[in-house]
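These notes are about the structure you will find just below.
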Amino acid sequence: MSVAKEFESANAKYAASFTKGDLQLPPQRKVAVVACMDARLDTARALGLEEGDAHVIRNAGGRVTDALRSIIISQQLLGTREIVIVHHTGCGMLTFTDEVIRNKVRSDLKQNVDHIAFLPFNNLEQSVLDDIQLLKESNLVLDVPITGYVYQVETGKIVKVGESK
Ligand SMILES: [Zn+2]
């Protein structure tokens, strides 16, 4: 059975007791979370988020450069006024360089992706601080409170690394 099929049966159970069909479109807690896509990080449970609470923008590493399009939409059209960044221990982004993945794509797919910045990092805490700084300096992002955390996949805890304001 494909995973998609498994999702269909899981969703049937979810929908059977679903009671949140009247939520508003704008996130009620007015926050956008930028988090790594890592499978071990369950942002809803780890941060106490319910349906309708927040925008959760996920990508490899939880890098804000990759999330900028969504952050602009979140702030300009849907009223979020706080940003939270969540990177995590054991992140795959600590394990490779742009050169490594570019070479792999060149070898496996016969494609040149030298123009793509894959945004890996070698210092976890610094990656969070860099992303806070990048948002603070961006003219496309509102001057809102920004807090950055490292989620510990070993303990389930978030550890604050930095904040603006
Ligand atoms: Zn990660």
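Following the order of the structure tokens, first chain is A, next is B, and so on, with residues numbered from 1 inside each chain and ligands from 1 in the order they appear.
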Next on the checklist: Write out as a PyMOL selection string the set of residues from range 36-89 of chain A that DSSP, computed on the backbone, places in helix (DSSP H, G or I).
Outcome noted: chain A and resi 43-47+60-62+65-76
Next, write the just-selected residues to a file, as a tab-separated table (two decimals), in the first residue's frame, keeping C-alpha atoms as the atom set.
chain	number	residue	atom	x	y	z
A	43	THR	CA	5.55	21.86	14.97
A	44	ALA	CA	1.91	21.67	16.02
A	45	ARG	CA	2.54	19.48	19.03
A	46	ALA	CA	5.96	20.87	19.95
A	47	LEU	CA	4.68	24.47	19.92
A	60	ALA	CA	15.01	22.17	4.29
A	61	GLY	CA	16.73	23.79	7.25
A	62	GLY	CA	13.93	26.24	8.05
A	65	THR	CA	15.58	33.01	2.38
A	66	ASP	CA	13.56	30.09	1.06
A	67	ALA	CA	10.48	31.26	3.00
A	68	LEU	CA	10.49	34.91	1.96
A	69	ARG	CA	7.68	34.65	-0.57
A	70	SER	CA	5.41	33.06	2.02
A	71	ILE	CA	6.43	35.51	4.78
A	72	ILE	CA	5.49	38.47	2.58
A	73	ILE	CA	2.08	36.95	1.85
A	74	SER	CA	1.64	36.07	5.53
A	75	GLN	CA	2.31	39.64	6.66
A	76	GLN	CA	0.86	41.68	3.82
May I ask you to write as a PDB file with N, CA and C atoms, in the first residue's frame all residues lying at most 12 Å from ligand 1, with only C-alpha atoms and all ligand atoms counted?
ATOM      1  N   VAL A  34       8.739  29.679  10.817  1.00  0.00           N
ATOM      2  CA  VAL A  34       9.580  29.124   9.746  1.00  0.00           C
ATOM      3  C   VAL A  34      10.378  27.992  10.371  1.00  0.00           C
ATOM      4  N   ALA A  35      10.137  26.769   9.917  1.00  0.00           N
ATOM      5  CA  ALA A  35      10.745  25.606  10.552  1.00  0.00           C
ATOM      6  C   ALA A  35      11.311  24.646   9.521  1.00  0.00           C
ATOM      7  N   CYS A  36      12.277  23.860   9.972  1.00  0.00           N
ATOM      8  CA  CYS A  36      12.830  22.824   9.091  1.00  0.00           C
ATOM      9  C   CYS A  36      11.756  21.781   8.790  1.00  0.00           C
ATOM     10  N   MET A  37      11.897  21.167   7.631  1.00  0.00           N
ATOM     11  CA  MET A  37      10.946  20.125   7.224  1.00  0.00           C
ATOM     12  C   MET A  37      11.213  18.783   7.898  1.00  0.00           C
ATOM     13  N   ASP A  38      12.223  18.721   8.735  1.00  0.00           N
ATOM     14  CA  ASP A  38      12.629  17.450   9.355  1.00  0.00           C
ATOM     15  C   ASP A  38      11.425  16.672   9.904  1.00  0.00           C
ATOM     16  N   ALA A  39      11.409  15.390   9.606  1.00  0.00           N
ATOM     17  CA  ALA A  39      10.276  14.533   9.975  1.00  0.00           C
ATOM     18  C   ALA A  39      10.106  14.379  11.485  1.00  0.00           C
ATOM     19  N   ARG A  40      11.188  14.631  12.234  1.00  0.00           N
ATOM     20  CA  ARG A  40      11.118  14.451  13.687  1.00  0.00           C
ATOM     21  C   ARG A  40      10.515  15.647  14.406  1.00  0.00           C
ATOM     22  N   LEU A  41      10.372  16.748  13.699  1.00  0.00           N
ATOM     23  CA  LEU A  41       9.829  17.965  14.307  1.00  0.00           C
ATOM     24  C   LEU A  41       8.341  18.100  13.978  1.00  0.00           C
ATOM     25  N   ASP A  42       7.508  17.924  14.995  1.00  0.00           N
ATOM     26  CA  ASP A  42       6.062  18.100  14.848  1.00  0.00           C
ATOM     27  C   ASP A  42       5.747  19.486  15.398  1.00  0.00           C
ATOM     28  N   ARG A  58       7.550  25.570   6.050  1.00  0.00           N
ATOM     29  CA  ARG A  58       8.610  24.583   6.275  1.00  0.00           C
ATOM     30  C   ARG A  58       9.429  24.363   5.011  1.00  0.00           C
ATOM     31  N   ASN A  59      10.726  24.216   5.209  1.00  0.00           N
ATOM     32  CA  ASN A  59      11.620  23.880   4.099  1.00  0.00           C
ATOM     33  C   ASN A  59      12.866  23.233   4.685  1.00  0.00           C
ATOM     34  N   ALA A  60      13.777  22.806   3.822  1.00  0.00           N
ATOM     35  CA  ALA A  60      15.011  22.172   4.292  1.00  0.00           C
ATOM     36  C   ALA A  60      15.818  23.178   5.103  1.00  0.00           C
ATOM     37  N   GLY A  61      15.960  22.919   6.377  1.00  0.00           N
ATOM     38  CA  GLY A  61      16.733  23.790   7.248  1.00  0.00           C
ATOM     39  C   GLY A  61      15.919  24.863   7.960  1.00  0.00           C
ATOM     40  N   GLY A  62      14.696  25.125   7.480  1.00  0.00           N
ATOM     41  CA  GLY A  62      13.932  26.237   8.053  1.00  0.00           C
ATOM     42  C   GLY A  62      14.587  27.566   7.725  1.00  0.00           C
ATOM     43  N   ARG A  63      15.130  27.668   6.503  1.00  0.00           N
ATOM     44  CA  ARG A  63      15.854  28.871   6.108  1.00  0.00           C
ATOM     45  C   ARG A  63      14.891  29.955   5.644  1.00  0.00           C
ATOM     46  N   ILE A  85      11.430  31.346  14.291  1.00  0.00           N
ATOM     47  CA  ILE A  85      12.279  30.466  13.471  1.00  0.00           C
ATOM     48  C   ILE A  85      12.646  29.240  14.307  1.00  0.00           C
ATOM     49  N   VAL A  86      12.512  28.058  13.723  1.00  0.00           N
ATOM     50  CA  VAL A  86      12.877  26.837  14.448  1.00  0.00           C
ATOM     51  C   VAL A  86      13.807  25.965  13.594  1.00  0.00           C
ATOM     52  N   HIS A  87      15.084  25.939  13.982  1.00  0.00           N
ATOM     53  CA  HIS A  87      16.016  24.969  13.414  1.00  0.00           C
ATOM     54  C   HIS A  87      16.166  23.868  14.466  1.00  0.00           C
ATOM     55  N   HIS A  88      16.986  22.854  14.223  1.00  0.00           N
ATOM     56  CA  HIS A  88      17.002  21.744  15.186  1.00  0.00           C
ATOM     57  C   HIS A  88      18.319  20.978  15.176  1.00  0.00           C
ATOM     58  N   THR A  89      18.561  20.298  16.259  1.00  0.00           N
ATOM     59  CA  THR A  89      19.768  19.454  16.364  1.00  0.00           C
ATOM     60  C   THR A  89      19.673  18.317  15.352  1.00  0.00           C
ATOM     61  N   GLY A  90      20.820  17.873  14.918  1.00  0.00           N
ATOM     62  CA  GLY A  90      20.858  16.748  13.983  1.00  0.00           C
ATOM     63  C   GLY A  90      20.318  17.068  12.613  1.00  0.00           C
ATOM     64  N   CYS A  91      20.305  18.345  12.250  1.00  0.00           N
ATOM     65  CA  CYS A  91      19.715  18.738  10.960  1.00  0.00           C
ATOM     66  C   CYS A  91      20.559  18.212   9.799  1.00  0.00           C
ATOM     67  N   GLY A  92      19.868  17.737   8.776  1.00  0.00           N
ATOM     68  CA  GLY A  92      20.560  17.265   7.578  1.00  0.00           C
ATOM     69  C   GLY A  92      21.365  18.364   6.905  1.00  0.00           C
ATOM     70  N   MET A  93      20.992  19.619   7.144  1.00  0.00           N
ATOM     71  CA  MET A  93      21.692  20.743   6.513  1.00  0.00           C
ATOM     72  C   MET A  93      23.109  20.909   7.037  1.00  0.00           C
ATOM     73  N   LEU A  94      23.406  20.216   8.151  1.00  0.00           N
ATOM     74  CA  LEU A  94      24.759  20.248   8.717  1.00  0.00           C
ATOM     75  C   LEU A  94      25.676  19.229   8.046  1.00  0.00           C
ATOM     76  N   THR A  95      25.123  18.425   7.152  1.00  0.00           N
ATOM     77  CA  THR A  95      25.868  17.251   6.670  1.00  0.00           C
ATOM     78  C   THR A  95      26.396  17.375   5.241  1.00  0.00           C
ATOM     79  N   PHE A  96      26.134  18.493   4.585  1.00  0.00           N
ATOM     80  CA  PHE A  96      26.611  18.605   3.195  1.00  0.00           C
ATOM     81  C   PHE A  96      26.952  20.055   2.869  1.00  0.00           C
ATOM     82  N   LEU A 119      21.603  26.444   0.788  1.00  0.00           N
ATOM     83  CA  LEU A 119      21.572  27.020   2.139  1.00  0.00           C
ATOM     84  C   LEU A 119      21.920  26.045   3.265  1.00  0.00           C
ATOM     85  N   PRO A 120      22.899  25.165   3.055  1.00  0.00           N
ATOM     86  CA  PRO A 120      23.342  24.338   4.185  1.00  0.00           C
ATOM     87  C   PRO A 120      24.114  25.203   5.176  1.00  0.00           C
ATOM     88  N   PHE A 121      24.387  24.673   6.358  1.00  0.00           N
ATOM     89  CA  PHE A 121      25.160  25.439   7.343  1.00  0.00           C
ATOM     90  C   PHE A 121      26.023  24.491   8.167  1.00  0.00           C
ATOM     91  N   LEU A 124      24.890  25.414  13.864  1.00  0.00           N
ATOM     92  CA  LEU A 124      23.438  25.427  14.066  1.00  0.00           C
ATOM     93  C   LEU A 124      22.938  26.738  14.674  1.00  0.00           C
ATOM     94  N   SER A 127      23.194  29.612  12.359  1.00  0.00           N
ATOM     95  CA  SER A 127      22.215  29.594  11.265  1.00  0.00           C
ATOM     96  C   SER A 127      20.919  30.278  11.697  1.00  0.00           C
ATOM     97  N   VAL A 128      20.562  30.120  12.967  1.00  0.00           N
ATOM     98  CA  VAL A 128      19.355  30.776  13.491  1.00  0.00           C
ATOM     99  C   VAL A 128      19.593  32.281  13.581  1.00  0.00           C
ATOM    100  N   VAL A 150      16.405  26.595  18.704  1.00  0.00           N
ATOM    101  CA  VAL A 150      16.869  25.276  18.264  1.00  0.00           C
ATOM    102  C   VAL A 150      15.988  24.254  18.973  1.00  0.00           C
ATOM    103  N   TYR A 151      15.321  23.425  18.194  1.00  0.00           N
ATOM    104  CA  TYR A 151      14.540  22.318  18.748  1.00  0.00           C
ATOM    105  C   TYR A 151      15.476  21.135  18.913  1.00  0.00           C
ATOM    106  N   GLN A 152      15.435  20.530  20.087  1.00  0.00           N
ATOM    107  CA  GLN A 152      16.291  19.371  20.348  1.00  0.00           C
ATOM    108  C   GLN A 152      15.530  18.094  20.017  1.00  0.00           C
ATOM    109  N   VAL A 153      15.952  17.418  18.954  1.00  0.00           N
ATOM    110  CA  VAL A 153      15.241  16.185  18.574  1.00  0.00           C
ATOM    111  C   VAL A 153      15.416  15.100  19.636  1.00  0.00           C
TER     112      VAL A 153
END
Checklist entry - Restricting the calculation to only C-alpha atoms, which member of A:Ser9, A:Gln133, A:Gln111, A:Ser17 is positioned closest to Ser164 in chain A? => result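 Result for the nearest residue to Ser164 in chain A: A:Gln133.
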Checklist entry - So, counting only C-alpha atoms, which residue among A:Asn11, A:Thr147, A:Glu154, A:Val3 is closest to Glu82 in chain A? => result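 Residue with the minimum atom-to-atom distance to Glu82 in chain A: A:Thr147.
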Checklist entry - Using only C-alpha atoms, which of the listed residues (A:Glu8, A:Gly48, A:Ala15, A:His55) sits closest to Val84 in chain A? => result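 Closest to Val84 in chain A of all the choices is A:His55.
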Checklist entry - Quick one: DSSP strand (DSSP E) residues in range 12-131 of chain A, as a VMD selection string? => result chain A and resid 31 to 36 54 to 59 83 to 88
Item to check | Nearest candidate to Thr80 in chain A (options A:Thr97, A:Thr19, A:Asn139, A:Gln28; using only C-alpha atoms) | outcome: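 Closest residue, counting only C-alpha atoms: A:Gln28.
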Checklist entry - Which is closest to Leu77 in chain A among A:Lys30, A:Leu109, A:Pro145, A:Asp131, if we use only C-alpha atoms? => result A:Lys30
Checklist entry - Of the candidates A:Ile146, A:Ala16, A:Lys160, A:Val100, which shows the shortest atom-to-atom distance to Ala32 in chain A, using only C-alpha atoms? => result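 Result for the nearest residue to Ala32 in chain A: A:Ile146.
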Checklist entry - When you draw a straight line from CA of Ser138 in chain A to CA of Arg81 in chain A, how long is it in Å? => result 15.0 Å
